[in-house]
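Please read the structure below before turning to the comments.
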Amino acid sequence: MSRSSRSIEVFSLAASATNLWRVIESYGMDPRELFRAAGSDFAPPSVAGSRLPFSIIDRVRAQAAQLSGDEAFGLRVAKVFHPSQLDSLGFAWLASHSLRDGFARLARFARVVNTRATFHLSNNANGLSVEPGIAVDSLNPVVMHDQVMALTMTLCKLNAGDNFTPLRVSMTRPAPRDVAPFEALFGCVPSFDEAANVIQIAAKDADRQHLSANPMIALLHDEMMTKTLQSTEPDFASRVRDIAIRRLTSGEVGIEVVASELNISARSVRRRLEGQGLSFRKILDHARSELAQAYLSTNTMTMSEIAYMLGFSSQSAFSRAYHRWYGVAPSRGRESVPHPA
């Protein structure tokens, strides 16, 4: 991780601390003492939408994991987790059409939960690969990644049912002495010492419609999360995004054009975005993916018109990008996007 990334304060929803509090209590320990030792007077319940520095949560978690002596400490979060701990993202997840739709939403809004949270999605012959993570240094990265993987698996079971089993689970952590807790949670024995933390989901499971699907509720919470990100993300990134969106139809959306409007060099734009853990390509890609959903929901624009509005050179280029974002063709995506009444 770069020096500039380390210098940026990372924040998590205070509800994450509430979750950790309950995990600590489940081991018969006093969480209040551990939080005080970390320099925080936090105690649940937390105020909805409030945040804590990730460094405090990470310090408490690392200390609690050491005191517990449990190498599966990070998995315990699955037993105390409730979707409301993710604020609007949790409710939007429950209302998602399918696991694929839900993970596209997580990839888009994970920063609501943690400012450095990521969900990388990829499609292959077997289905959907989900790589969750938090792009930040940790005092105990094994426990941190175990927790993120456990939460991801728990979310899958909430929507797909307790019998949901992934095709494969890969974890970067060393193999534990006892794999039983891992097998019990994931429904299979993960492959350990891997290059990345990945949950592979069969296509039929990724695309199966959930009984709890409610597109209007999902859209309502999407709008709330968009406003949350707009109010909490650094202003510079928002300015870059606004310029890029305005330039889309001109076909001139390169970083040099944006830098010119900001009256700074392209190198300065890259450096400032990197300091926020972002890149121009990611901002542009994210803006296009969001606008694509908005345009598809109108049900009046043709695919060629949408491709033009998003600054793509052709409809086929737009279709390829949309498939990369959401795992389906735009025509199929239009079927599942909520439309105004």
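FYI, nothing fancy with the structure tokens labels: chains A, B, ... in order, residues from 1 per chain, ligands from 1 as they appear.
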Might you pull out every residue within 9 Å of A:Ser212, with only C-alpha atoms counted and same-chain residues fewer than 4 positions away left off, and present them as JSON, numbers by chain?
{"A": [94, 95, 96, 97, 159]}
Selection to disk with C-alpha atoms, as a PDB file, in the first residue's frame:
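As written to disk, again-v6.pdb reads:
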```
ATOM      1  CA  LEU A  94     -32.458  -8.138   1.054  1.00  0.00           C
ATOM      2  CA  ALA A  95     -34.590  -6.545  -1.681  1.00  0.00           C
ATOM      3  CA  SER A  96     -32.179  -7.415  -4.516  1.00  0.00           C
ATOM      4  CA  HIS A  97     -33.483  -9.484  -7.412  1.00  0.00           C
ATOM      5  CA  ASN A 159     -31.099 -14.301   0.359  1.00  0.00           C
TER       6      ASN A 159
END
```
Excluding A:Gly187 and residues on its chain fewer than 3 positions from it, collect all residues at most 8 Å away from it, counting only C-alpha atoms, and give them as JSON, numbers by chain.
{"A": [164, 165, 166, 182, 183, 184]}
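Taking atom CA of A:Asp205 as the reference point, atom CA of A:Ile134 is found at 25.3 Å.
When the distance limit is 6 Å and only C-alpha atoms are what count, the residues near stretch 101-117 of chain A, minus those fewer than 3 positions from it on the same chain, are Val10, Phe11, Ser12, Leu13, Trp93, Ser96, His97, Ser98, Gly133, Ile134 and Ala135 of chain A.
Among the candidates A:Ala72, A:Leu220, A:Val257, A:Ala125, the residue lying nearest to A:Leu185 is A:Ala72 (atoms considered: only C-alpha atoms).
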Would you please give, as a PyMOL selection string, all residues of stretch 95-266 of chain A that DSSP assigns to strand (DSSP E) based on the backbone?
chain A and resi 117-124+127-134+168-170+198-202
Go ahead and save the residues from that selection, with N, CA and C atoms, as an mmCIF file, in the first residue's frame.
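Contents of the output file again03.cif:
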```
data_model
loop_
_atom_site.group_PDB
_atom_site.id
_atom_site.type_symbol
_atom_site.label_atom_id
_atom_site.label_comp_id
_atom_site.auth_asym_id
_atom_site.auth_seq_id
_atom_site.Cartn_x
_atom_site.Cartn_y
_atom_site.Cartn_z
ATOM 1 N N ALA A 117 -13.732 -0.371 1.464
ATOM 2 C CA ALA A 117 -14.287 -1.693 1.158
ATOM 3 C C ALA A 117 -14.432 -1.869 -0.343
ATOM 4 N N THR A 118 -14.190 -3.085 -0.824
ATOM 5 C CA THR A 118 -14.283 -3.377 -2.249
ATOM 6 C C THR A 118 -14.965 -4.731 -2.467
ATOM 7 N N PHE A 119 -15.641 -4.845 -3.588
ATOM 8 C CA PHE A 119 -16.176 -6.126 -4.048
ATOM 9 C C PHE A 119 -15.852 -6.227 -5.531
ATOM 10 N N HIS A 120 -14.895 -7.089 -5.867
ATOM 11 C CA HIS A 120 -14.532 -7.295 -7.263
ATOM 12 C C HIS A 120 -15.298 -8.494 -7.792
ATOM 13 N N LEU A 121 -16.027 -8.296 -8.886
ATOM 14 C CA LEU A 121 -16.852 -9.339 -9.473
ATOM 15 C C LEU A 121 -16.303 -9.726 -10.844
ATOM 16 N N SER A 122 -16.343 -10.995 -11.148
ATOM 17 C CA SER A 122 -15.930 -11.458 -12.468
ATOM 18 C C SER A 122 -16.776 -12.656 -12.871
ATOM 19 N N ASN A 123 -17.041 -12.753 -14.158
ATOM 20 C CA ASN A 123 -17.842 -13.843 -14.697
ATOM 21 C C ASN A 123 -16.948 -14.816 -15.432
ATOM 22 N N ASN A 124 -17.227 -16.104 -15.259
ATOM 23 C CA ASN A 124 -16.477 -17.132 -15.966
ATOM 24 C C ASN A 124 -17.432 -18.253 -16.356
ATOM 25 N N GLY A 127 -19.744 -19.425 -13.507
ATOM 26 C CA GLY A 127 -20.710 -18.528 -12.886
ATOM 27 C C GLY A 127 -20.101 -17.209 -12.485
ATOM 28 N N LEU A 128 -20.312 -16.840 -11.222
ATOM 29 C CA LEU A 128 -19.876 -15.540 -10.711
ATOM 30 C C LEU A 128 -18.830 -15.708 -9.618
ATOM 31 N N SER A 129 -17.709 -14.989 -9.759
ATOM 32 C CA SER A 129 -16.672 -14.981 -8.730
ATOM 33 C C SER A 129 -16.749 -13.668 -7.966
ATOM 34 N N VAL A 130 -16.774 -13.761 -6.647
ATOM 35 C CA VAL A 130 -16.875 -12.587 -5.781
ATOM 36 C C VAL A 130 -15.624 -12.507 -4.913
ATOM 37 N N GLU A 131 -14.928 -11.378 -5.015
ATOM 38 C CA GLU A 131 -13.712 -11.172 -4.227
ATOM 39 C C GLU A 131 -13.908 -9.958 -3.320
ATOM 40 N N PRO A 132 -14.336 -10.178 -2.075
ATOM 41 C CA PRO A 132 -14.552 -9.061 -1.150
ATOM 42 C C PRO A 132 -13.259 -8.685 -0.437
ATOM 43 N N GLY A 133 -13.167 -7.449 -0.010
ATOM 44 C CA GLY A 133 -11.962 -7.060 0.728
ATOM 45 C C GLY A 133 -12.056 -5.652 1.275
ATOM 46 N N ILE A 134 -11.039 -5.273 2.040
ATOM 47 C CA ILE A 134 -10.876 -3.911 2.542
ATOM 48 C C ILE A 134 -9.438 -3.510 2.237
ATOM 49 N N ARG A 168 -16.887 -23.062 -4.843
ATOM 50 C CA ARG A 168 -15.522 -23.104 -4.315
ATOM 51 C C ARG A 168 -15.283 -21.864 -3.468
ATOM 52 N N VAL A 169 -14.472 -22.019 -2.430
ATOM 53 C CA VAL A 169 -14.071 -20.892 -1.592
ATOM 54 C C VAL A 169 -12.549 -20.900 -1.486
ATOM 55 N N SER A 170 -11.940 -19.792 -1.841
ATOM 56 C CA SER A 170 -10.481 -19.643 -1.742
ATOM 57 C C SER A 170 -10.172 -18.589 -0.692
ATOM 58 N N VAL A 198 -11.834 -15.494 -2.464
ATOM 59 C CA VAL A 198 -12.842 -15.550 -3.520
ATOM 60 C C VAL A 198 -13.919 -16.580 -3.178
ATOM 61 N N ILE A 199 -15.162 -16.196 -3.423
ATOM 62 C CA ILE A 199 -16.286 -17.126 -3.349
ATOM 63 C C ILE A 199 -16.828 -17.301 -4.758
ATOM 64 N N GLN A 200 -16.800 -18.532 -5.253
ATOM 65 C CA GLN A 200 -17.283 -18.838 -6.596
ATOM 66 C C GLN A 200 -18.714 -19.363 -6.510
ATOM 67 N N ILE A 201 -19.629 -18.689 -7.210
ATOM 68 C CA ILE A 201 -21.051 -19.024 -7.153
ATOM 69 C C ILE A 201 -21.518 -19.551 -8.506
ATOM 70 N N ALA A 202 -22.225 -20.668 -8.505
ATOM 71 C CA ALA A 202 -22.748 -21.243 -9.743
ATOM 72 C C ALA A 202 -23.709 -20.263 -10.405
#
```
Using only C-alpha atoms, determine which residues lie at most 9 Å from A:Ala292, disregarding the query and same-chain residues fewer than 2 positions distant; provide the list as a ChimeraX atom specification.
/A:287-290,294-297,306-307,309-310,322,330
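Ranking A:Ser316, A:Tyr308, A:Leu52, A:Phe236 by their shortest atom-to-atom distance to A:Glu274, with only C-alpha atoms included, puts A:Phe236 first.
If you look at atom CA of A:Asn163 and atom CA of A:Trp21, they are 28.0 Å away from each other.
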Residue contacts of A:Met29 (12 Å, only C-alpha atoms) excluding same-chain residues fewer than 3 positions away, as number ranges by chain
A: 20-26, 32-35, 60, 63-68
Output for the residues just chosen: N, CA and C atoms as a CSV table (one decimal), in the first residue's frame:
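Written out: result.csv:
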```csv
chain,number,residue,atom,x,y,z
A,20,LEU,N,-18.8,-6.2,16.3
A,20,LEU,CA,-17.6,-6.6,17.0
A,20,LEU,C,-17.9,-6.8,18.5
A,21,TRP,N,-18.6,-5.8,19.1
A,21,TRP,CA,-19.0,-5.8,20.5
A,21,TRP,C,-19.7,-7.1,20.9
A,22,ARG,N,-20.6,-7.5,20.0
A,22,ARG,CA,-21.4,-8.8,20.3
A,22,ARG,C,-20.5,-10.0,20.1
A,23,VAL,N,-19.6,-10.0,19.2
A,23,VAL,CA,-18.7,-11.1,19.0
A,23,VAL,C,-17.8,-11.2,20.3
A,24,ILE,N,-17.3,-10.1,20.8
A,24,ILE,CA,-16.5,-10.2,22.0
A,24,ILE,C,-17.3,-10.7,23.2
A,25,GLU,N,-18.5,-10.2,23.3
A,25,GLU,CA,-19.3,-10.7,24.4
A,25,GLU,C,-19.6,-12.2,24.3
A,26,SER,N,-19.6,-12.7,23.1
A,26,SER,CA,-19.9,-14.2,22.9
A,26,SER,C,-18.8,-15.0,23.5
A,32,ARG,N,-16.2,-3.3,26.6
A,32,ARG,CA,-16.0,-1.9,27.0
A,32,ARG,C,-14.5,-1.7,27.3
A,33,GLU,N,-13.9,-2.6,28.0
A,33,GLU,CA,-12.5,-2.5,28.4
A,33,GLU,C,-11.6,-2.4,27.2
A,34,LEU,N,-11.9,-3.3,26.2
A,34,LEU,CA,-11.1,-3.3,25.0
A,34,LEU,C,-11.2,-2.0,24.2
A,35,PHE,N,-12.4,-1.5,24.1
A,35,PHE,CA,-12.6,-0.3,23.4
A,35,PHE,C,-11.9,0.9,24.1
A,60,VAL,N,-9.2,-3.1,18.3
A,60,VAL,CA,-10.0,-3.9,19.3
A,60,VAL,C,-10.1,-5.3,18.8
A,63,GLN,N,-6.9,-7.3,19.2
A,63,GLN,CA,-6.7,-7.7,20.7
A,63,GLN,C,-7.7,-8.8,21.1
A,64,ALA,N,-8.9,-8.6,20.7
A,64,ALA,CA,-9.9,-9.6,21.1
A,64,ALA,C,-9.6,-11.0,20.5
A,65,ALA,N,-9.2,-11.0,19.3
A,65,ALA,CA,-8.9,-12.3,18.7
A,65,ALA,C,-7.7,-13.0,19.4
A,66,GLN,N,-6.7,-12.2,19.8
A,66,GLN,CA,-5.6,-12.7,20.5
A,66,GLN,C,-6.0,-13.3,21.9
A,67,LEU,N,-6.8,-12.6,22.6
A,67,LEU,CA,-7.3,-13.0,23.9
A,67,LEU,C,-8.2,-14.2,23.8
A,68,SER,N,-9.0,-14.3,22.7
A,68,SER,CA,-9.9,-15.5,22.6
A,68,SER,C,-9.2,-16.8,22.4
```
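Interatomic distance, atom CA of A:Ala92 against atom CA of A:Pro215: 8.9 Å.
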Using only C-alpha atoms, determine which residues lie at most 12 Å from A:Ala17, disregarding the query and same-chain residues fewer than 6 positions distant; provide the list as a PyMOL selection string.
chain A and resi 11+23-24+31-32+34-35+40-47+50-61+77+80-81+85-86+113-114
Using only C-alpha atoms, determine which residues lie at most 12 Å from A:Pro181, disregarding the query and same-chain residues fewer than 5 positions distant; provide the list as a PyMOL selection string.
chain A and resi 70-76+78-79+146+150+176+186-190
